[in-house]
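Written below as structure tokens is the structure these notes are about.
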Amino acid sequence: MTALGWHRFQFAFTITFHYLFPQLTMGLALLLVVFKAIALATGDDRYDHLARFWARIFAVNFAIGVVTGVPMEFQFGTNWARFSDATGGVIGFTLALEGLFAFFAESAFLGLLLFGEKKLGRIAHFGTAVAVFLGSWLSGYFIVATNAFMQHPVGYDVSPGGRFSLVDASAFVFNAWAFWEYAHVMCAAVMTGTFVVAAVSAFWLLCGRHEAHAQRAMRVAVVVGLAACLAQLFPTGDRQGKLVAEDQRPTLAAMEGKYTSGSRAELVIVGQPNTEEQRLENPIVVPYALSFLAYGSFGAIVQGLEDFPRETWPDNIELLYYAYHVMVGLGTLLTGVMLLGALLLWRGVLFRARPMLWALLLAWPFPYVATTAGWMTAELGRQPWLVYGLVRTADGTSLNVGSGDVVFSTLGFMGLYLLLGLLFVMLVAREIARGPEHAPARA
Amino acid sequence: MPAVFFAIVAVMLTAWAVLDGFDFGVGIVHRIVARTEEERGRALATVLPVWDGNEVWLVAGGAVLLLAFPRAYAAAMSGMYLALIMVLWLLVFRGVSIELRGHVDHPLWRAAWDSMFALSSTVLAFVAGVALGNVVRGVPIGPTGWFQLDLFAIAGDRVAAIDGYTGTIGLLSVVLLAAHGASYVAWKTDGGLRERASSVAKLAWRAAVPLAVVATVVTGFVRPAMFAAIARRPWVWPLAASAIGSTVVAFRALAAALDRRAFLASSALIASLLLATAGGLYPTLIPSTVDPAYDIDAYGAASGHHGLVVGLFWWVPAIVLVVLYFANLFWLSRGKVTAEDADAHHG
């Protein structure tokens, strides 16, 4: 692998591992607010116990998210120095706002949420949960807005020397891509949060432990989770896809494994792309569907890769194709699971329906997989560009950093993060085994 | 506008050094001043509610540096690649050792994280000083505008990320932050823990003064231009006076067992030293050891005007909010940390 390859691998690895944690942070932050709001409204103590229990898991998850998040910002400078040098005047804006408005707020209120329940009183303590929720969701927005600039640059100017500067800050912050990308990413985070809560609740119900708590948590998880799943497919996923169809046409072609152009384009359900022969093997397709989904008419022409110069093709068409299909396939299956769960809940039989509880117990890893696949779709689809159409990925790395240095740092991150992953799993498993009744309010 | 952002970055990184500095200091001294697991738990509980917010000053300061001076951010981070990467790993260890210690009630688990906290804090304090030393001494930026520093040089005239000069500044940083953190522990605790923290603070202060004199003299040889600039700039003089004044205050406060005053004095000293250094370097962000013509300075490295104006517009309300958050947080966690507080953080 070349130095460029290692730089890309290191960033992909560290960001993928990092994002396992914030997605749960943002999903759980919403659920903590919901649990505490219900506890306030109904006076049912068990929602307070649930909030405390999930806050303990939130704390471990948040800590790993913070410590793996700090390297992300600094890797822009260490590994992607030419990219930072060229575009820092633009992307530094949202990264600075994230630190100033989101990270400070989160850090100031998280400690109070975790340790301040006795000191603060019920209303103020609910307020800290809302503040942590707002802080974490705001942080998500600034990161997605930064990514949206890389996907679809707006509000900037480029000097002849290739240096970017901000000319319209509000156009940059309120990029149309940022809005739909953010909505899509947040629905995914809520899916992860609700599937994790549903899995733990299903585990307790199947074991016959903490049933009163588990039923309450499950009800919240299924209702909120179904809403997130549906919004994930439509409108957010649909609109995100239409933006790609509009602004990143070679990406759409590669995602769909479409080598040749034509109207009445078919949507590929399964099939293996063969880039050498420029065809899809063993396809199962839905006729006309892609033309309609991408451009709103069955007769619309969808361009295949053949229409674009090769140097604008994403450089890993196969992985992009599978990432996209895994995301859509899992998203659809997960929506089906939540729909069925909601149906059984509505009929009042969910808590006795053991096969359904088993399905909910085992489903929790898949929102993580779908989310990771979704980000891979976005980031592989952006290739070969760092800033779409403007800065090539190959022109963004630090030329002054030797490949040996990058291999060393990549291996170090892999070892360190393996340790963090093991610690996280161990600590969360302990909390789940102890259950919600153990958790007292803390000073 | 570049001058305003030079000041903003200097103030934010100084705030990081003062605030996260006492977290590092607590890490450096807590295995020495706290004898039992209960005492170590209490020492740690003094930083638990605040360390994360303190670290955000580094993250946010770094992002503002990227926004305002991308040239400097990119060159410095990539040019000290290995040193920076290891700092990132140490920050990971420091963070998890504070956060995970309380989750398992087992003496071996806690002992392991206590040692990890002490080790990572000490090395981070050293490296923070080394980083400052590199900025003062300069780095070999050539005509390309980029450089790559060796990680270390044992002897000789070669500059490296860690060499004789930067190592001296690193050592000063460890001793000074040990004094700072020990004063903080003394202020926030009582009993035998407070007594020992206070003695360690006195000891560290006695070591810090001669070291600071040595570091100042050596800096005079390494970068004479900085002192010449300070001499020309009367607005830096009060900072130099404040550095000396706060040292005197610290010794008298420690002798009189006025722990909070001693802590505020070490905060003032660290802030004065860093801001005076920034005042002496201005407008240079990163000096070149090859030729001053290759220095990266605030005017050459600044981003476009519009971005900086809008950035400043949002920075002001953000900082007002941040000051309110910190005031609220420190107010709510006022008073001595009790055994009960420490327990609240534990499983």
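In the structure tokens, chains take the letters A, B, ... in the order shown, each chain's residues start at 1, and ligands count up from 1 in the order shown.
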Could you list the residues in chain B lying within 6 Å of chain A, using only C-alpha atoms, and format the result as an mmCIF file with N, CA and C atoms, in the first residue's frame?
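Ended up saving to result.cif:
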```cif
data_model
loop_
_atom_site.group_PDB
_atom_site.id
_atom_site.type_symbol
_atom_site.label_atom_id
_atom_site.label_comp_id
_atom_site.auth_asym_id
_atom_site.auth_seq_id
_atom_site.Cartn_x
_atom_site.Cartn_y
_atom_site.Cartn_z
ATOM 1 N N PRO B 49 -15.280 16.239 37.599
ATOM 2 C CA PRO B 49 -16.362 17.020 36.966
ATOM 3 C C PRO B 49 -15.874 18.030 35.931
ATOM 4 N N ASP B 52 -13.005 17.241 31.405
ATOM 5 C CA ASP B 52 -13.457 17.150 30.018
ATOM 6 C C ASP B 52 -13.640 18.554 29.439
ATOM 7 N N GLY B 53 -14.292 19.427 30.218
ATOM 8 C CA GLY B 53 -14.458 20.810 29.774
ATOM 9 C C GLY B 53 -13.110 21.500 29.608
ATOM 10 N N ALA B 60 -11.104 23.191 20.968
ATOM 11 C CA ALA B 60 -11.682 24.393 20.359
ATOM 12 C C ALA B 60 -10.576 25.355 19.925
ATOM 13 N N ALA B 63 -9.191 24.154 16.729
ATOM 14 C CA ALA B 63 -10.092 24.407 15.596
ATOM 15 C C ALA B 63 -10.047 25.881 15.191
ATOM 16 N N VAL B 64 -9.940 26.777 16.170
ATOM 17 C CA VAL B 64 -9.837 28.199 15.830
ATOM 18 C C VAL B 64 -8.520 28.472 15.110
ATOM 19 N N LEU B 66 -7.008 26.346 13.178
ATOM 20 C CA LEU B 66 -7.229 25.850 11.813
ATOM 21 C C LEU B 66 -8.013 26.870 10.993
ATOM 22 N N LEU B 67 -9.046 27.432 11.600
ATOM 23 C CA LEU B 67 -9.859 28.418 10.887
ATOM 24 C C LEU B 67 -9.037 29.664 10.530
ATOM 25 N N PRO B 70 -4.665 28.385 8.781
ATOM 26 C CA PRO B 70 -4.536 26.998 8.315
ATOM 27 C C PRO B 70 -3.099 26.603 7.967
ATOM 28 N N ARG B 71 -2.345 27.572 7.429
ATOM 29 C CA ARG B 71 -0.937 27.312 7.064
ATOM 30 C C ARG B 71 -0.132 26.838 8.291
ATOM 31 N N ALA B 74 -1.470 23.316 9.605
ATOM 32 C CA ALA B 74 -1.069 22.199 8.748
ATOM 33 C C ALA B 74 0.428 21.917 8.878
ATOM 34 N N MET B 77 1.332 20.560 12.645
ATOM 35 C CA MET B 77 0.831 19.224 12.989
ATOM 36 C C MET B 77 1.533 18.138 12.180
ATOM 37 N N SER B 78 1.731 18.393 10.885
ATOM 38 C CA SER B 78 2.354 17.356 10.073
ATOM 39 C C SER B 78 3.859 17.313 10.313
ATOM 40 N N TYR B 81 4.958 15.052 13.311
ATOM 41 C CA TYR B 81 3.970 13.977 13.176
ATOM 42 C C TYR B 81 3.984 12.992 14.341
ATOM 43 N N LEU B 88 -1.760 12.324 21.033
ATOM 44 C CA LEU B 88 -3.154 11.891 20.880
ATOM 45 C C LEU B 88 -3.396 10.591 21.645
ATOM 46 N N VAL B 92 -5.852 9.931 24.938
ATOM 47 C CA VAL B 92 -6.817 8.834 25.035
ATOM 48 C C VAL B 92 -6.655 8.133 26.384
ATOM 49 N N GLN B 148 9.912 18.560 8.482
ATOM 50 C CA GLN B 148 9.666 17.342 9.248
ATOM 51 C C GLN B 148 10.769 17.241 10.279
ATOM 52 N N SER B 303 -6.454 33.348 7.188
ATOM 53 C CA SER B 303 -7.520 33.014 6.245
ATOM 54 C C SER B 303 -8.137 34.296 5.697
ATOM 55 N N GLY B 304 -9.090 34.097 4.763
ATOM 56 C CA GLY B 304 -9.772 35.241 4.165
ATOM 57 C C GLY B 304 -10.512 36.083 5.196
ATOM 58 N N HIS B 306 -13.549 37.578 5.308
ATOM 59 C CA HIS B 306 -14.943 37.288 5.649
ATOM 60 C C HIS B 306 -15.049 36.180 6.705
ATOM 61 N N GLY B 307 -14.298 35.102 6.499
ATOM 62 C CA GLY B 307 -14.342 33.985 7.443
ATOM 63 C C GLY B 307 -13.937 34.431 8.840
ATOM 64 N N ALA B 318 -20.044 32.908 22.063
ATOM 65 C CA ALA B 318 -19.682 31.560 22.511
ATOM 66 C C ALA B 318 -18.850 31.641 23.785
ATOM 67 N N TYR B 325 -20.800 28.734 31.720
ATOM 68 C CA TYR B 325 -20.780 27.297 32.031
ATOM 69 C C TYR B 325 -19.740 26.995 33.110
ATOM 70 N N ALA B 344 -19.700 8.905 44.964
ATOM 71 C CA ALA B 344 -20.771 9.129 43.998
ATOM 72 C C ALA B 344 -20.313 8.807 42.586
#
```
Mind the document's chain letters and residue numbers, and return as a PyMOL selection string the residues of range 66-168 of chain A that DSSP labels alpha helix (DSSP H).
chain A and resi 66-78+81-97+104-115+117-120+122-151
Backbone DSSP call of strand (DSSP E or B) for range 44-194 of chain A, listed as a list in words
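Residues meeting the strand (DSSP E or B) criterion: Tyr156, Asp157, Val158, Phe164, Ser165 and Leu166 of chain A.
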Okay, now the selection with C-alpha atoms, as a PDB file, in the first residue's frame?
```
ATOM      1  CA  TYR A 156     -16.425  29.556  -0.834  1.00  0.00           C
ATOM      2  CA  ASP A 157     -13.920  31.146  -3.147  1.00  0.00           C
ATOM      3  CA  VAL A 158     -10.668  29.587  -4.421  1.00  0.00           C
ATOM      4  CA  PHE A 164     -10.099  28.328  -0.151  1.00  0.00           C
ATOM      5  CA  SER A 165     -11.754  31.164   1.681  1.00  0.00           C
ATOM      6  CA  LEU A 166     -15.229  31.624   3.032  1.00  0.00           C
TER       7      LEU A 166
END
```
Quick one: pull the distance between CA of Thr166 in chain B and CA of Gly133 in chain B, Å, one decimal.
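About the pair CA of Thr166 in chain B and CA of Gly133 in chain B: they are 4.5 Å apart.
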Residues near range 27-30 of chain B, anyone? I mean within 9 Å using only C-alpha atoms, not counting same-chain ones fewer than 6 positions away, as a list in words.
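The neighbour list is Glu39, Arg40, Ala43, Leu44, Arg94, Asp114, Ser115, Phe117, Ala118, Leu119, Ser120, Ser121, Thr122, Val123, Ala125, Val174, Leu177, Ala178, Ala179, Gly181, Ala182, Val185, Ala197 and Val200 of chain B.
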Which neighbours of Thr2 in chain A fall inside 12 Å, counting only C-alpha atoms, when residues of the same chain fewer than 5 positions from it are skipped, and could you give them as a list in words?
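Listing them by chain and then by number gives His7, Arg8, Phe9, Ala394, Thr397, Gly402, Ser403, Gly404, Val406 and Val407 of chain A.
The spacing separating CA of Thr332 in chain A from CA of Phe366 in chain A amounts to 11.1 Å.
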All residues 10 Å or closer to Tyr184 in chain B, only C-alpha atoms, same chain fewer than 4 positions away omitted, as a list in words:
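Listing them by chain and then by number gives Phe22, Asp23, Gly25, Val26, Ala43, Thr46, Val47, Ala178, Ala179, His180, Lys188, Thr189, Arg194, Ala197, Ser198, Ala201, Asp259, Arg260, Arg261, Ala262, Phe263, Leu264, Ser266 and Ser267 of chain B.
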Serialized selection, C-alpha atoms, as a compact mmCIF listing (two decimals), in the first residue's frame:
```txt
# COMPACT_ATOMS: atom_id res chain seq x y z
CA PHE B 22 -4.15 21.42 36.94
CA ASP B 23 -5.66 18.13 35.69
CA GLY B 25 -0.75 18.37 37.80
CA VAL B 26 -3.18 16.28 39.82
CA ALA B 43 -7.83 13.40 44.61
CA THR B 46 -11.39 16.96 42.32
CA VAL B 47 -10.84 16.82 38.55
CA ALA B 178 3.01 19.56 39.62
CA ALA B 179 3.01 22.68 41.84
CA HIS B 180 -0.20 23.87 40.17
CA LYS B 188 -10.09 21.04 47.20
CA THR B 189 -9.40 18.47 49.93
CA ARG B 194 -4.34 18.34 51.98
CA ALA B 197 -0.44 18.09 48.74
CA SER B 198 0.60 21.36 50.32
CA ALA B 201 3.37 22.09 46.22
CA ASP B 259 -4.54 27.05 49.46
CA ARG B 260 -6.92 28.80 47.12
CA ARG B 261 -4.64 31.83 46.88
CA ALA B 262 -1.67 29.57 46.11
CA PHE B 263 -3.66 27.89 43.34
CA LEU B 264 -4.72 31.23 41.87
CA SER B 266 0.14 29.37 40.05
CA SER B 267 -2.69 29.95 37.55
```
Quick one: pull the distance between CA of Thr128 in chain A and CA of Ala221 in chain A, Å, one decimal.
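Going from CA of Thr128 in chain A over to CA of Ala221 in chain A covers 21.4 Å.
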